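Only one structure is covered here, and it is reproduced in the block below.
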Amino acid sequence: MTLAGFIPAEVSINAAIAICAIAFVSGTARGFSGFGSALIFMPLASSIAAPRLVAALLLIIDFVAAAPLVPNAWKKADRKATAVMVFGALIGVPIGTYFLSRLDPVTTRWIISGFVFALLLLLLSGWRYRGKDHASISIGIGSMAGFCSGLAQTGGPPIVGYWLGRPIPSVIARANILLFFGASDFFSAVSYAATGLITADAIKFSLVVGPVYAVGVWFGASLFGRASETLFRAICYALIAAAVIIGLPALDGMLR
């Protein structure tokens, strides 16, 4: 099978190259700072190809990239506290997936752009939840993150903002985050498969985009400690903002 055989029929070669370039940039952001991949990838890639395809694509490549981190996270995480939040994701993921599978592409893109912009503001605010730990709050945040993940694989900021604000060691907070997303990605995979979003086209295309994304993650990780984290985070925020603007459906006539 030629390379073209791995690219969906509705995606041109130029579009596939652009999606690979976006995957590299978003992977670099993920490798260096641990966040930002979906917030960069989804607005841009969904302006080139169908949101359903690119959401499934990102789920597959990120799930494969993150899977090796789960066993160690299981050992270090506060599994009881994480389970409560995972219960929320179990509620939110199917709802987000339902909207992704039912809405027309343009409407989905508007929602993705709005969500990513709101999540960017959340990141810029430096918000950390420092209140008391209640099961209802954990379930609510887990549901919100699950909905964002089901709709556009963008559930990171609420979870990161919550766990990093808790009075617990950073090692446990990081393990909780990794374990949560391991479970959330599993729910998304089941939900996407049940609604027909994980297609043969998405799987084959992931074999093209996935290695580029992995190289980006490796490259970003190699920069950690060598570049200013403050500067790099500022660059990530700028890239997310640019992704939101460039990905707006209202600009299709000018940019695409």
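Every chain in the structure tokens has a letter given in the order shown (A, B, ...), and although residue numbers restart at 1 in each chain, ligands are simply numbered from 1 in the order shown.
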Might you pull out every residue within 7 Å of range 3-18 of chain A, with only C-alpha atoms counted and same-chain residues fewer than 6 positions away left off, and present them as a PyMOL selection string? chain A and resi 48-49+201+204-205+208
Within 12 Å of Pro167 in chain A using only C-alpha atoms, minus same-chain residues under 4 positions, as JSON, numbers by chain: {"A": [128, 129, 130, 131, 132, 133, 162, 163, 171, 172, 173]}
Go ahead and write the residues just picked, N, CA, C and O atoms, as a JSON list (two decimals), in the first residue's frame.
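Contents of the output file selection.json:
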[["chain", "number", "residue", "atom", "x", "y", "z"],
["A", 128, "ARG", "N", -6.34, 27.88, 40.15],
["A", 128, "ARG", "CA", -6.13, 26.63, 40.88],
["A", 128, "ARG", "C", -7.24, 26.52, 41.91],
["A", 128, "ARG", "O", -7.52, 27.47, 42.64],
["A", 129, "TYR", "N", -7.87, 25.38, 41.99],
["A", 129, "TYR", "CA", -8.92, 25.20, 42.98],
["A", 129, "TYR", "C", -8.28, 24.93, 44.34],
["A", 129, "TYR", "O", -7.55, 23.95, 44.52],
["A", 130, "ARG", "N", -8.54, 25.80, 45.31],
["A", 130, "ARG", "CA", -7.92, 25.67, 46.62],
["A", 130, "ARG", "C", -8.97, 25.52, 47.73],
["A", 130, "ARG", "O", -8.66, 25.67, 48.91],
["A", 131, "GLY", "N", -10.20, 25.26, 47.34],
["A", 131, "GLY", "CA", -11.25, 25.05, 48.33],
["A", 131, "GLY", "C", -11.20, 23.65, 48.91],
["A", 131, "GLY", "O", -10.26, 22.88, 48.67],
["A", 132, "LYS", "N", -12.24, 23.32, 49.66],
["A", 132, "LYS", "CA", -12.31, 21.99, 50.27],
["A", 132, "LYS", "C", -12.62, 20.95, 49.20],
["A", 132, "LYS", "O", -13.23, 21.23, 48.19],
["A", 133, "ASP", "N", -12.16, 19.74, 49.48],
["A", 133, "ASP", "CA", -12.34, 18.64, 48.55],
["A", 133, "ASP", "C", -13.69, 17.98, 48.78],
["A", 133, "ASP", "O", -13.89, 17.32, 49.81],
["A", 162, "TYR", "N", -7.39, 21.86, 38.73],
["A", 162, "TYR", "CA", -7.89, 21.31, 40.00],
["A", 162, "TYR", "C", -6.78, 20.59, 40.76],
["A", 162, "TYR", "O", -6.51, 20.91, 41.93],
["A", 163, "TRP", "N", -6.13, 19.63, 40.12],
["A", 163, "TRP", "CA", -5.17, 18.81, 40.86],
["A", 163, "TRP", "C", -3.92, 19.58, 41.29],
["A", 163, "TRP", "O", -3.37, 19.31, 42.36],
["A", 171, "VAL", "N", 4.17, 14.97, 42.81],
["A", 171, "VAL", "CA", 4.28, 13.63, 42.20],
["A", 171, "VAL", "C", 2.92, 12.95, 42.17],
["A", 171, "VAL", "O", 2.53, 12.33, 41.17],
["A", 172, "ILE", "N", 2.17, 13.09, 43.26],
["A", 172, "ILE", "CA", 0.84, 12.47, 43.33],
["A", 172, "ILE", "C", -0.13, 13.20, 42.41],
["A", 172, "ILE", "O", -0.94, 12.58, 41.71],
["A", 173, "ALA", "N", -0.04, 14.54, 42.38],
["A", 173, "ALA", "CA", -0.92, 15.32, 41.50],
["A", 173, "ALA", "C", -0.72, 14.92, 40.04],
["A", 173, "ALA", "O", -1.69, 14.71, 39.30]]
Shell of 7 Å around Val217 in chain A, only C-alpha atoms, local chain residues under 6 positions omitted, as a PyMOL selection string: chain A and resi 27-28+30-31
Counting only C-alpha atoms, what is within 8 Å of Ser184 in chain A, bar same-chain residues fewer than 3 positions away, as a PDB file with all heavy atoms, in the first residue's frame?
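Result saved to out-v6.pdb:
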ATOM      1  N   VAL A  86     -13.008  10.286  37.915  1.00  0.00           N
ATOM      2  CA  VAL A  86     -13.214   9.426  36.751  1.00  0.00           C
ATOM      3  C   VAL A  86     -14.697   9.108  36.575  1.00  0.00           C
ATOM      4  O   VAL A  86     -15.195   9.011  35.453  1.00  0.00           O
ATOM      5  CB  VAL A  86     -12.386   8.125  36.889  1.00  0.00           C
ATOM      6  CG1 VAL A  86     -12.849   7.070  35.884  1.00  0.00           C
ATOM      7  CG2 VAL A  86     -10.902   8.420  36.681  1.00  0.00           C
ATOM      8  N   ALA A  89     -16.113  11.734  34.572  1.00  0.00           N
ATOM      9  CA  ALA A  89     -15.767  11.581  33.155  1.00  0.00           C
ATOM     10  C   ALA A  89     -16.657  10.549  32.484  1.00  0.00           C
ATOM     11  O   ALA A  89     -17.020  10.678  31.309  1.00  0.00           O
ATOM     12  CB  ALA A  89     -14.304  11.184  33.009  1.00  0.00           C
ATOM     13  N   LEU A  90     -17.025   9.519  33.240  1.00  0.00           N
ATOM     14  CA  LEU A  90     -17.902   8.480  32.702  1.00  0.00           C
ATOM     15  C   LEU A  90     -19.254   9.066  32.299  1.00  0.00           C
ATOM     16  O   LEU A  90     -19.908   8.569  31.383  1.00  0.00           O
ATOM     17  CB  LEU A  90     -18.095   7.381  33.752  1.00  0.00           C
ATOM     18  CG  LEU A  90     -18.846   6.114  33.336  1.00  0.00           C
ATOM     19  CD1 LEU A  90     -18.147   5.445  32.161  1.00  0.00           C
ATOM     20  CD2 LEU A  90     -18.953   5.159  34.511  1.00  0.00           C
ATOM     21  N   VAL A  93     -18.068  12.127  29.088  1.00  0.00           N
ATOM     22  CA  VAL A  93     -17.526  11.689  27.793  1.00  0.00           C
ATOM     23  C   VAL A  93     -18.621  11.286  26.804  1.00  0.00           C
ATOM     24  O   VAL A  93     -18.618  11.752  25.651  1.00  0.00           O
ATOM     25  CB  VAL A  93     -16.503  10.540  27.983  1.00  0.00           C
ATOM     26  CG1 VAL A  93     -16.205   9.856  26.646  1.00  0.00           C
ATOM     27  CG2 VAL A  93     -15.210  11.070  28.581  1.00  0.00           C
ATOM     28  N   GLY A 146     -14.586  15.480  30.981  1.00  0.00           N
ATOM     29  CA  GLY A 146     -15.035  14.383  30.139  1.00  0.00           C
ATOM     30  C   GLY A 146     -15.824  14.874  28.937  1.00  0.00           C
ATOM     31  O   GLY A 146     -15.650  14.383  27.818  1.00  0.00           O
ATOM     32  N   SER A 149     -13.432  16.321  26.522  1.00  0.00           N
ATOM     33  CA  SER A 149     -12.680  15.251  25.870  1.00  0.00           C
ATOM     34  C   SER A 149     -13.531  14.534  24.837  1.00  0.00           C
ATOM     35  O   SER A 149     -13.066  14.224  23.738  1.00  0.00           O
ATOM     36  CB  SER A 149     -12.181  14.241  26.921  1.00  0.00           C
ATOM     37  OG  SER A 149     -11.211  14.824  27.767  1.00  0.00           O
ATOM     38  N   PHE A 180      -6.166   9.794  35.462  1.00  0.00           N
ATOM     39  CA  PHE A 180      -7.483  10.262  35.020  1.00  0.00           C
ATOM     40  C   PHE A 180      -7.589  10.214  33.506  1.00  0.00           C
ATOM     41  O   PHE A 180      -8.580   9.720  32.954  1.00  0.00           O
ATOM     42  CB  PHE A 180      -7.747  11.692  35.511  1.00  0.00           C
ATOM     43  CG  PHE A 180      -9.011  12.282  34.943  1.00  0.00           C
ATOM     44  CD1 PHE A 180     -10.231  12.057  35.560  1.00  0.00           C
ATOM     45  CD2 PHE A 180      -8.987  13.041  33.774  1.00  0.00           C
ATOM     46  CE1 PHE A 180     -11.412  12.573  35.023  1.00  0.00           C
ATOM     47  CE2 PHE A 180     -10.153  13.556  33.233  1.00  0.00           C
ATOM     48  CZ  PHE A 180     -11.373  13.321  33.865  1.00  0.00           C
ATOM     49  N   PHE A 181      -6.574  10.724  32.819  1.00  0.00           N
ATOM     50  CA  PHE A 181      -6.655  10.767  31.365  1.00  0.00           C
ATOM     51  C   PHE A 181      -6.495   9.396  30.734  1.00  0.00           C
ATOM     52  O   PHE A 181      -6.994   9.159  29.628  1.00  0.00           O
ATOM     53  CB  PHE A 181      -5.659  11.772  30.802  1.00  0.00           C
ATOM     54  CG  PHE A 181      -6.154  13.175  30.927  1.00  0.00           C
ATOM     55  CD1 PHE A 181      -5.546  14.068  31.796  1.00  0.00           C
ATOM     56  CD2 PHE A 181      -7.266  13.593  30.232  1.00  0.00           C
ATOM     57  CE1 PHE A 181      -6.037  15.348  31.943  1.00  0.00           C
ATOM     58  CE2 PHE A 181      -7.762  14.878  30.365  1.00  0.00           C
ATOM     59  CZ  PHE A 181      -7.141  15.752  31.223  1.00  0.00           C
ATOM     60  N   PHE A 187     -12.544   5.643  28.044  1.00  0.00           N
ATOM     61  CA  PHE A 187     -13.978   5.907  27.870  1.00  0.00           C
ATOM     62  C   PHE A 187     -14.249   6.517  26.497  1.00  0.00           C
ATOM     63  O   PHE A 187     -15.232   6.175  25.829  1.00  0.00           O
ATOM     64  CB  PHE A 187     -14.498   6.867  28.957  1.00  0.00           C
ATOM     65  CG  PHE A 187     -14.423   6.333  30.352  1.00  0.00           C
ATOM     66  CD1 PHE A 187     -14.374   7.195  31.436  1.00  0.00           C
ATOM     67  CD2 PHE A 187     -14.401   4.967  30.594  1.00  0.00           C
ATOM     68  CE1 PHE A 187     -14.305   6.726  32.734  1.00  0.00           C
ATOM     69  CE2 PHE A 187     -14.341   4.472  31.886  1.00  0.00           C
ATOM     70  CZ  PHE A 187     -14.287   5.350  32.958  1.00  0.00           C
ATOM     71  N   SER A 188     -13.379   7.460  26.093  1.00  0.00           N
ATOM     72  CA  SER A 188     -13.546   8.097  24.788  1.00  0.00           C
ATOM     73  C   SER A 188     -13.420   7.076  23.664  1.00  0.00           C
ATOM     74  O   SER A 188     -14.186   7.109  22.692  1.00  0.00           O
ATOM     75  CB  SER A 188     -12.512   9.208  24.594  1.00  0.00           C
ATOM     76  OG  SER A 188     -12.752  10.302  25.451  1.00  0.00           O
TER      77      SER A 188
END
Tell me which of A:Lys75, A:His134, A:Lys80, A:Arg52 sits closest to Pro105 in chain A, counting only C-alpha atoms.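 When distances to Pro105 in chain A are compared using only C-alpha atoms, the smallest one comes from A:Arg52.
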For the contact check between range 105-189 of chain A and range 54-72 of chain A, emit one row per residue of range 105-189 of chain A within 12 Å, containing the shortest atom pair and the distance in Å rounded to one decimal, counting only C-alpha atoms, chain then rising number order, as a Markdown table.
| residue | atom | partner | partner_atom | distance |
| --- | --- | --- | --- | --- |
| A:Pro105 | CA | A:Val54 | CA | 11.3 |
| A:Thr108 | CA | A:Ala55 | CA | 11.0 |
| A:Arg109 | CA | A:Ala55 | CA | 11.2 |
| A:Ile112 | CA | A:Ala55 | CA | 10.6 |
| A:Cys148 | CA | A:Ala55 | CA | 11.1 |
| A:Ser149 | CA | A:Leu59 | CA | 9.0 |
| A:Gly150 | CA | A:Ala55 | CA | 8.6 |
| A:Leu151 | CA | A:Ala55 | CA | 7.8 |
| A:Ala152 | CA | A:Ala55 | CA | 5.7 |
| A:Gln153 | CA | A:Ala55 | CA | 6.4 |
| A:Thr154 | CA | A:Ala55 | CA | 9.6 |
| A:Gly155 | CA | A:Leu59 | CA | 11.7 |
| A:Val171 | CA | A:Asn72 | CA | 10.9 |
| A:Ile172 | CA | A:Asn72 | CA | 10.9 |
| A:Arg174 | CA | A:Leu69 | CA | 10.8 |
| A:Ala175 | CA | A:Asn72 | CA | 7.8 |
| A:Asn176 | CA | A:Val70 | CA | 9.9 |
| A:Ile177 | CA | A:Val70 | CA | 10.0 |
| A:Leu178 | CA | A:Val70 | CA | 6.5 |
| A:Leu179 | CA | A:Val70 | CA | 5.9 |
| A:Phe180 | CA | A:Val70 | CA | 9.3 |
| A:Phe181 | CA | A:Ala66 | CA | 8.7 |
| A:Gly182 | CA | A:Val70 | CA | 6.4 |
| A:Ala183 | CA | A:Val70 | CA | 9.2 |
| A:Ser184 | CA | A:Phe63 | CA | 9.9 |
| A:Asp185 | CA | A:Phe63 | CA | 6.4 |
| A:Phe186 | CA | A:Phe63 | CA | 8.1 |
| A:Phe187 | CA | A:Leu59 | CA | 10.7 |
| A:Ser188 | CA | A:Leu59 | CA | 7.7 |
| A:Ala189 | CA | A:Leu59 | CA | 7.3 |
Give me a file of those residues, with C-alpha atoms, as an mmCIF file, in the first residue's frame.
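For reference, out.cif as written:
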data_model
loop_
_atom_site.group_PDB
_atom_site.id
_atom_site.type_symbol
_atom_site.label_atom_id
_atom_site.label_comp_id
_atom_site.auth_asym_id
_atom_site.auth_seq_id
_atom_site.Cartn_x
_atom_site.Cartn_y
_atom_site.Cartn_z
ATOM 1 C CA PRO A 105 -19.007 20.129 11.053
ATOM 2 C CA THR A 108 -18.814 21.652 15.821
ATOM 3 C CA ARG A 109 -15.916 23.889 14.773
ATOM 4 C CA ILE A 112 -14.486 23.771 19.533
ATOM 5 C CA CYS A 148 -14.574 18.472 26.592
ATOM 6 C CA SER A 149 -12.680 15.251 25.870
ATOM 7 C CA GLY A 150 -15.668 13.582 24.243
ATOM 8 C CA LEU A 151 -16.375 16.587 22.042
ATOM 9 C CA ALA A 152 -12.847 17.655 21.110
ATOM 10 C CA GLN A 153 -10.214 15.866 23.254
ATOM 11 C CA THR A 154 -9.656 19.152 25.157
ATOM 12 C CA GLY A 155 -10.311 18.074 28.752
ATOM 13 C CA VAL A 171 4.283 13.634 42.199
ATOM 14 C CA ILE A 172 0.840 12.471 43.332
ATOM 15 C CA ARG A 174 0.850 14.408 38.254
ATOM 16 C CA ALA A 175 0.038 10.718 38.744
ATOM 17 C CA ASN A 176 -3.623 11.571 39.379
ATOM 18 C CA ILE A 177 -3.751 13.612 36.173
ATOM 19 C CA LEU A 178 -2.130 10.838 34.110
ATOM 20 C CA LEU A 179 -4.369 8.169 35.605
ATOM 21 C CA PHE A 180 -7.483 10.262 35.020
ATOM 22 C CA PHE A 181 -6.655 10.767 31.365
ATOM 23 C CA GLY A 182 -5.804 7.109 30.933
ATOM 24 C CA ALA A 183 -9.347 6.298 32.067
ATOM 25 C CA SER A 184 -10.893 9.216 30.171
ATOM 26 C CA ASP A 185 -9.161 8.189 26.939
ATOM 27 C CA PHE A 186 -10.426 4.636 27.427
ATOM 28 C CA PHE A 187 -13.978 5.907 27.870
ATOM 29 C CA SER A 188 -13.546 8.097 24.788
ATOM 30 C CA ALA A 189 -12.241 5.151 22.762
#
